[in-house]
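Chemist: I'd like to ask you about the structure that follows.
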Amino acid sequence: MALDLLFFWILAGLILAAAWAVVNGNDIVHSVVWLSTVFLLTAGIFILAEAEFLAVIQVLVYVGAISVVIIFGIMLTKRTLKGGEDV
Amino acid sequence: MAEMWISMGPQHPMTHGLWTLKVKVDGETIVDADPELGYLHRSVEKMGERRKYFMNTTLTDRLCYASSTTWTHCYALSVEELMGVEVPQRAQYIRTIMLELQRLASHLMWAGAYMPDLGHITGALYFWRDRELFLNLLELPSGSRLLYNYIRIGGVKRDLPDGFEEKTERILKLFEQRLDEYADLFENSKIFRMRTEDVGNFTASQAMNLGITGPNLRGCGTKHDLRKHDTYEIYEEIDWEIQTREAGPGYSDCFSRYMVRIDEMRESVHIIRECFKNMPSGPTMASKVPIRASGEAFRRTEDSRGEALMYLVGDGSDRPYRWKIKSPMFTTISACPHYLKGYKVADIPSIMGSIDICIGETDK
Amino acid sequence: MSSDRDIGIMDIIVNPMKVTLKQFFKSTFGKPTTVMYPLEKRDPPPTYRGMNAVIWDLCIGCGICGEVCPNKCLKMKPTELSDEEQDRAWYGSHVAKRKNKAERPAINFGHCMFCGFCEDYCPTGAMTMTDFYELADTTREGLIYPARSMKVDLPELPQLPLTNYMMESPILNSETCIGCSKCVDNCPTNCIIMDEGVINKELKNGTVRNVENPYFDYTICIGCSTCVKVCPADCLHMEPISNSSSSGLTEEGEVTEA
Amino acid sequence: MSLFSFCRWMAEWTANYMLIPVFNFQRNLFPPFSHPAGTIADWLGTDGGLDTLAWTFAVNIAFAIGMTNLILVIHLERKIAARIQDRRGPMLSFRSFRELGEDLAGEAPSWRFKDNYSGIGILQNMADGIKAITKELIVPSKADKFLFTMGPIIFISSSVFLLVLFPLSDRFAASSAPAGLMVIMAAFSIAPIGVLTSGWASNNKYSMIGGMRSAAQLMSYEIPLLLSMAGVFLLAGSFDPVTIVEQQQESTWLFGLPMWNFIPQFLGFIVFMICILAEVERVPFDLPEAEAELVEGWTTEYSGIRYMLFLAAEYIRGFAGAAVCTILFLGGWAGPWPIPPEIWFLSKVYLILIFWIFIRWTVPRIRTDQILELGWKKLLPLSLINILIVIFMVEIYPYFSDVVNLPEVF
């Protein structure tokens, strides 16, 4: 089961890196994309833990719905288009 | 998302030509609109002052690529008034036939261009397929498919070729069949109605105040047609009716404007048949057409898109001293903030398509 | 009318699809309307306004086609005629005067808009428009067609009367005429002759000489205004023909004062 | 023989006769570097290694079949659209090559069809692909470069991922996860992120409105979509495509015909068809890329192979959507014997696709507010009613039929 452990550490490291990118990103939309990466990788951890259904639901709900709602919400708020014009 | 200005054009699928529509949207709702014209300005009026009277028919052909005969006819009428030329009876009949064929082709061009605006590419190809039939007909006497240069000052270029009547009758019959067939695909289709009904409303009084004429005004239920009210050629001799539609009492929406054009096409078919019924024989060109003129003349005709007006001043030379064109679309496009406000972004092509834009005549 | 019926649930998909399905079967088992252009071509009608062609045997080099061209894409170019061509030319006498140097139209099709005025206003019917429409080229220079490339030979020439489509004819101001007879040399239809004029000019040596004036035969004048252009003394100008007939006939020998 | 056992046999053959000897040879050849190659050779000999190799083969085969289908679907769309519109469609692809060959050979090649001008139209897709690859990839100067590149990757990879997820039959499946259909839906639901980010990152107002529309539409249609699928899951008691198809085949109605799910769950079938049409963004629900008002929606700024892959991914999604519909409601790969089940499955999928193509070229596009109204006010209640019907069928009716001896209908 050394391979499983190896994958776990890789995944865990990636999750931490992505989570670091979430909090340290300059752009809020980048943060959300990284957040959805965290969710996807967490689904990988679930698969390693032999909880496939949970992994699928994780992708379906968190990546497919919650991240999209967050991005949607961000885009509905006022922001500045690159290049200066207010949108 | 706050309010923002979107610039649609000058290169945008909605514009049907070179112009810019700036819309201010709040989310998907239109708050304000600002049309911007002048991208296609070719100074036709000034060019015409440098050319002889008879040469200007090539310029008027190019005013509107979809409806060139009607514009040339308007020019020919005003020059004939300036020069005092009497057009022979047969030429008048031929002119009426050509005008109605051109109106059919123009309305079909419009209907074909309207369908992709609604996301219906098949409709475009169906209508343009039928337009080809009428282009074939127009090609027979004039020798060209788009810019005919057929109506000349004092008559028409040449007589109708042999077998023209039979061919026209065959095509008209086919066309009427196809219009009935298309009813299921377009005006009776639920989704088509969802897109066009209750969209882009304006009332008849609003339209008259804003200078909107032609089918757009007749779509409000107003019986106004220069072919009847300021009659020319032989429209008073034959039996036909002004087609009107209305979405509700005294106002129009995209669907009524669509339907009034479909009805006009059927009426044009009727007019062409009536013309063939009592067509006299004789010359097709006035015996004497002067080359110089002086004085001023002014004629208005019912173009495919509304009221076309031309004003000419001659100073005795062989070129016009001043030439002014008033196009129906200029006022209609300028009025677009009045009928765009409050609708969705997705309605912009639906509304602007339904008023039948032609930028060539607008910018001149 | 059929469009006034109520819209039901079948009109969402089913009824519209009937139309498209019908067309699908029609064009699958029949022939579609489209023409596969480079392989098959539609036939233009005989009246089609395509590439120009000039029947050289009829052309008299009057230059009216260049005059009426709205885009000024048509120019008369001096062309050397072979002896055979000169023999066949309709107004050969005139060509002989110019010593085989006739003028024939050359067209820049990059500017041509195929309006057909040159065909309509040609007084002899030499300028024709064919139904050839594939004129595209990769260079702009390739669109300039020299005069000889548009020459066509017909086995039988149509004998058409000369017609004055320009509705104008030259008028002489005989007081300023110097009697140089340039107009006679350049008239493409030979409708001018020089004869006794109204002014007698006294030369230095005392002899009085009559200044000859041109006389126009308006039956064959085509109103090309070549004489006006070549006149060195500006004594000619064009005026609308007075008669209602297009031949522009006035009394033989009558010279109107301007 | 199932696809996996075939691939397993192929993996064994490749490992034993090709890979292991090569790695062993390397182990003995370069002693300092022998260790990794030897480990791989040893690992390939085990069950786990062979399984991994077999999975690689299986996934590649499924992917190749999916991509071949993609070309066929695009060609079908073009041809049927052309027939509907009284045209001919692509007929003479690579004609310039043919003419070049004629010039070089000095005579007409033997494969020239002289009488009818027909050529090889399906190669038009290849020509388009070559053209797209050779185009420049433009990134707008003020675009967010990171997300501008990430958006297509998310969208395309999640779409291509779909290709290996659905089985062509019970013996021809690259993956047979017990939660099979949920995995497909999960893969479907990743796409909105790619759409939104690429629409936002283009720094273009049209793209952003298109991305917002797309996300709003995909989000609101996922709910009735999943609810209408829930009915089937309830009936079959499983997410597994194989179980679902078996259940449809086992339950019979008149004359012992199999009662496929679209008969008892007609409401669910209709709702699912509409929702999957919106999910794969085809006319009349293609308003995120409405070319009339929003030039091309969220794909406006993309060029070259990126745009081509967007188009391809949309067709893949359409193909996958039709496949899901076939599994859920049309009895999957079930069909009379002499035709193999894979062909049955594909023919059903193609039937649905042709139906969609006909819809696409028959009706106009509908408006944003109308699409959302339809989704929330009509389809959501309908799918709930469908679930109620299924619950009645599965739970309530059997319970009462036990009590009062009703005949067994379902």
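Letters A, B, ... mark the chains of the structure tokens in the order given; residue numbers begin at 1 per chain; ligand numbers begin at 1, in order shown.
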Got a sec: who's within 7 Å of stretch 317-322 of chain D, counting only C-alpha atoms, leaving out chain neighbours fewer than 4 positions off, as a list in words?
Modeler: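 Close residues of stretch 317-322 of chain D: Ser159, Leu162, Leu163, Ile276, Val280, Ala313, Thr326, Val349, Ile352 and Leu353 of chain D.
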Chemist: With N, CA and C atoms retained, could you export that selection as a short mmCIF file (atom, residue, chain, number, x, y, z; two decimals), in the first residue's frame?
Modeler:
```cif
data_model
loop_
_atom_site.label_atom_id
_atom_site.label_comp_id
_atom_site.auth_asym_id
_atom_site.auth_seq_id
_atom_site.Cartn_x
_atom_site.Cartn_y
_atom_site.Cartn_z
N SER D 159 -15.12 17.69 -20.82
CA SER D 159 -15.98 17.14 -21.86
C SER D 159 -15.39 15.86 -22.45
N LEU D 162 -15.86 12.77 -20.52
CA LEU D 162 -17.16 12.09 -20.66
C LEU D 162 -17.07 10.88 -21.57
N LEU D 163 -16.17 10.97 -22.56
CA LEU D 163 -16.16 9.93 -23.60
C LEU D 163 -15.90 8.55 -23.02
N ILE D 276 -31.38 18.15 -21.04
CA ILE D 276 -30.07 17.76 -21.57
C ILE D 276 -29.77 18.62 -22.80
N VAL D 280 -26.34 20.74 -22.98
CA VAL D 280 -25.31 20.70 -24.02
C VAL D 280 -25.39 21.93 -24.91
N ALA D 313 -15.80 20.04 -28.20
CA ALA D 313 -16.26 19.65 -26.87
C ALA D 313 -17.77 19.75 -26.79
N THR D 326 -30.12 7.63 -23.82
CA THR D 326 -30.39 6.28 -24.30
C THR D 326 -30.35 5.29 -23.16
N VAL D 349 -28.42 6.27 -30.02
CA VAL D 349 -27.80 7.57 -29.76
C VAL D 349 -27.91 8.45 -31.00
N ILE D 352 -31.33 9.95 -31.53
CA ILE D 352 -31.56 11.15 -30.70
C ILE D 352 -30.81 12.34 -31.29
N LEU D 353 -29.56 12.08 -31.71
CA LEU D 353 -28.79 13.19 -32.26
C LEU D 353 -29.43 13.77 -33.51
#
```
Chemist: Name all residues at most 12 Å from A:Trp9 (count only C-alpha atoms; drop same-chain ones fewer than 4 positions away) and give them as a short mmCIF file (atom, residue, chain, number, x, y, z; two decimals) with N, CA, C and O atoms, in the first residue's frame.
Modeler:
```
data_model
loop_
_atom_site.label_atom_id
_atom_site.label_comp_id
_atom_site.auth_asym_id
_atom_site.auth_seq_id
_atom_site.Cartn_x
_atom_site.Cartn_y
_atom_site.Cartn_z
N ALA A 2 2.12 1.08 -0.37
CA ALA A 2 2.99 2.25 -0.40
C ALA A 2 2.55 3.23 -1.46
O ALA A 2 2.64 4.45 -1.29
N LEU A 3 2.01 2.64 -2.58
CA LEU A 3 1.56 3.50 -3.68
C LEU A 3 0.42 4.41 -3.21
O LEU A 3 0.39 5.60 -3.52
N ASP A 4 -0.53 3.82 -2.46
CA ASP A 4 -1.64 4.62 -1.94
C ASP A 4 -1.13 5.77 -1.09
O ASP A 4 -1.59 6.91 -1.22
N LEU A 5 -0.15 5.45 -0.24
CA LEU A 5 0.39 6.48 0.63
C LEU A 5 1.05 7.59 -0.19
O LEU A 5 0.86 8.79 0.09
N GLY A 13 -0.37 17.38 -0.60
CA GLY A 13 0.48 18.54 -0.91
C GLY A 13 -0.18 19.47 -1.90
O GLY A 13 -0.19 20.70 -1.73
N LEU A 14 -0.80 18.86 -2.93
CA LEU A 14 -1.47 19.70 -3.94
C LEU A 14 -2.61 20.47 -3.31
O LEU A 14 -2.83 21.66 -3.62
N ILE A 15 -3.35 19.80 -2.43
CA ILE A 15 -4.48 20.49 -1.78
C ILE A 15 -3.97 21.68 -0.98
O ILE A 15 -4.53 22.78 -1.04
N LEU A 16 -2.88 21.45 -0.25
CA LEU A 16 -2.34 22.55 0.55
C LEU A 16 -1.89 23.69 -0.34
O LEU A 16 -2.16 24.86 -0.06
N LEU A 41 -9.51 17.94 -5.75
CA LEU A 41 -8.47 17.10 -5.18
C LEU A 41 -8.97 16.38 -3.93
O LEU A 41 -8.59 15.24 -3.66
N GLY A 44 -10.40 13.36 -4.87
CA GLY A 44 -9.37 12.33 -5.06
C GLY A 44 -9.04 11.65 -3.75
O GLY A 44 -8.88 10.42 -3.69
N ILE A 45 -8.97 12.42 -2.64
CA ILE A 45 -8.71 11.83 -1.33
C ILE A 45 -9.82 10.85 -0.95
O ILE A 45 -9.57 9.76 -0.45
N LEU A 48 -9.30 7.67 -2.68
CA LEU A 48 -8.26 6.89 -2.00
C LEU A 48 -8.83 6.19 -0.77
O LEU A 48 -8.43 5.08 -0.44
#
```
Chemist: Output the contact residues of chain A with respect to chain D at a cut-off of 8 Å, based on only C-alpha atoms, as a list in words.
Modeler: Val29, His30, Val33, Glu52, Phe53, Val56, Ile57, Val59, Leu60, Val63, Gly64, Ala65, Ser67, Val68, Ile71, Phe72, Leu81, Lys82 and Gly83 of chain A
Chemist: Give me the chain C side of the contact with chain B, cut-off 10 Å, one line per residue showing its nearest atom pair and distance in Å at one decimal, counting only C-alpha atoms, sorted by chain and residue number, as CSV.
Modeler:
```
residue,atom,partner,partner_atom,distance
C:Met1,CA,B:Asp180,CA,9.3
C:Ser2,CA,B:Ala183,CA,7.2
C:Ser3,CA,B:Asn188,CA,6.1
C:Asp4,CA,B:Asn188,CA,8.3
C:Arg5,CA,B:Asn188,CA,7.9
C:Asp6,CA,B:Asn188,CA,8.3
C:Ile7,CA,B:Lys190,CA,6.5
C:Gly8,CA,B:Lys190,CA,7.6
C:Ile9,CA,B:Lys190,CA,8.0
C:Met10,CA,B:Lys190,CA,8.6
C:Asp11,CA,B:Ser189,CA,5.1
C:Ile12,CA,B:Lys190,CA,4.8
C:Ile13,CA,B:Ser189,CA,7.8
C:Val14,CA,B:Ser189,CA,9.3
C:Asn15,CA,B:Asp184,CA,6.1
C:Pro16,CA,B:Leu185,CA,4.3
C:Met17,CA,B:Leu185,CA,7.4
C:Lys18,CA,B:Asp184,CA,8.3
C:Val19,CA,B:Leu185,CA,6.5
C:Thr20,CA,B:Leu185,CA,8.0
C:Thr33,CA,B:Arg129,CA,8.0
C:Thr34,CA,B:Arg129,CA,9.0
C:Pro44,CA,B:Gly143,CA,8.3
C:Pro45,CA,B:Leu140,CA,6.0
C:Pro46,CA,B:Gly143,CA,7.8
C:Thr47,CA,B:Gly143,CA,4.8
C:Tyr48,CA,B:Gly143,CA,3.8
C:Arg49,CA,B:Gly143,CA,5.2
C:Gly50,CA,B:Gly143,CA,8.5
C:Val68,CA,B:Met55,CA,7.3
C:Cys69,CA,B:Met55,CA,7.9
C:Pro70,CA,B:Met55,CA,5.9
C:Asn71,CA,B:Met55,CA,9.5
C:Met113,CA,B:Thr58,CA,8.7
C:Phe114,CA,B:Ser144,CA,8.5
C:Cys115,CA,B:Asn149,CA,6.4
C:Gly116,CA,B:Asn149,CA,8.1
C:Phe117,CA,B:Met55,CA,8.1
C:Asp120,CA,B:Lys157,CA,8.5
C:Met129,CA,B:Gly143,CA,9.7
C:Asp131,CA,B:Gly143,CA,9.1
C:Tyr165,CA,B:Val289,CA,9.7
C:Met166,CA,B:Ile291,CA,7.8
C:Met167,CA,B:Pro290,CA,6.8
C:Glu168,CA,B:Ile291,CA,7.9
C:Glu239,CA,B:Arg292,CA,9.3
C:Pro240,CA,B:Pro290,CA,6.9
C:Ile241,CA,B:Pro290,CA,8.7
C:Asn243,CA,B:Lys288,CA,9.1
C:Ser244,CA,B:Lys288,CA,6.2
C:Ser245,CA,B:Lys288,CA,7.6
C:Ser246,CA,B:Lys288,CA,7.4
```
Chemist: Step one, run DSSP on the backbone; step two, keep only residues of stretch 21-111 of chain B assigned to strand (DSSP E); then write them as a list in words.
Modeler: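 Going through stretch 21-111 of chain B, the strand (DSSP E) residues come out as Leu21, Lys22, Val23, Lys24, Val25, Asp26, Thr29, Ile30, Val31, Asp32, Ala33, Asp34, Pro35 and Glu36 of chain B.
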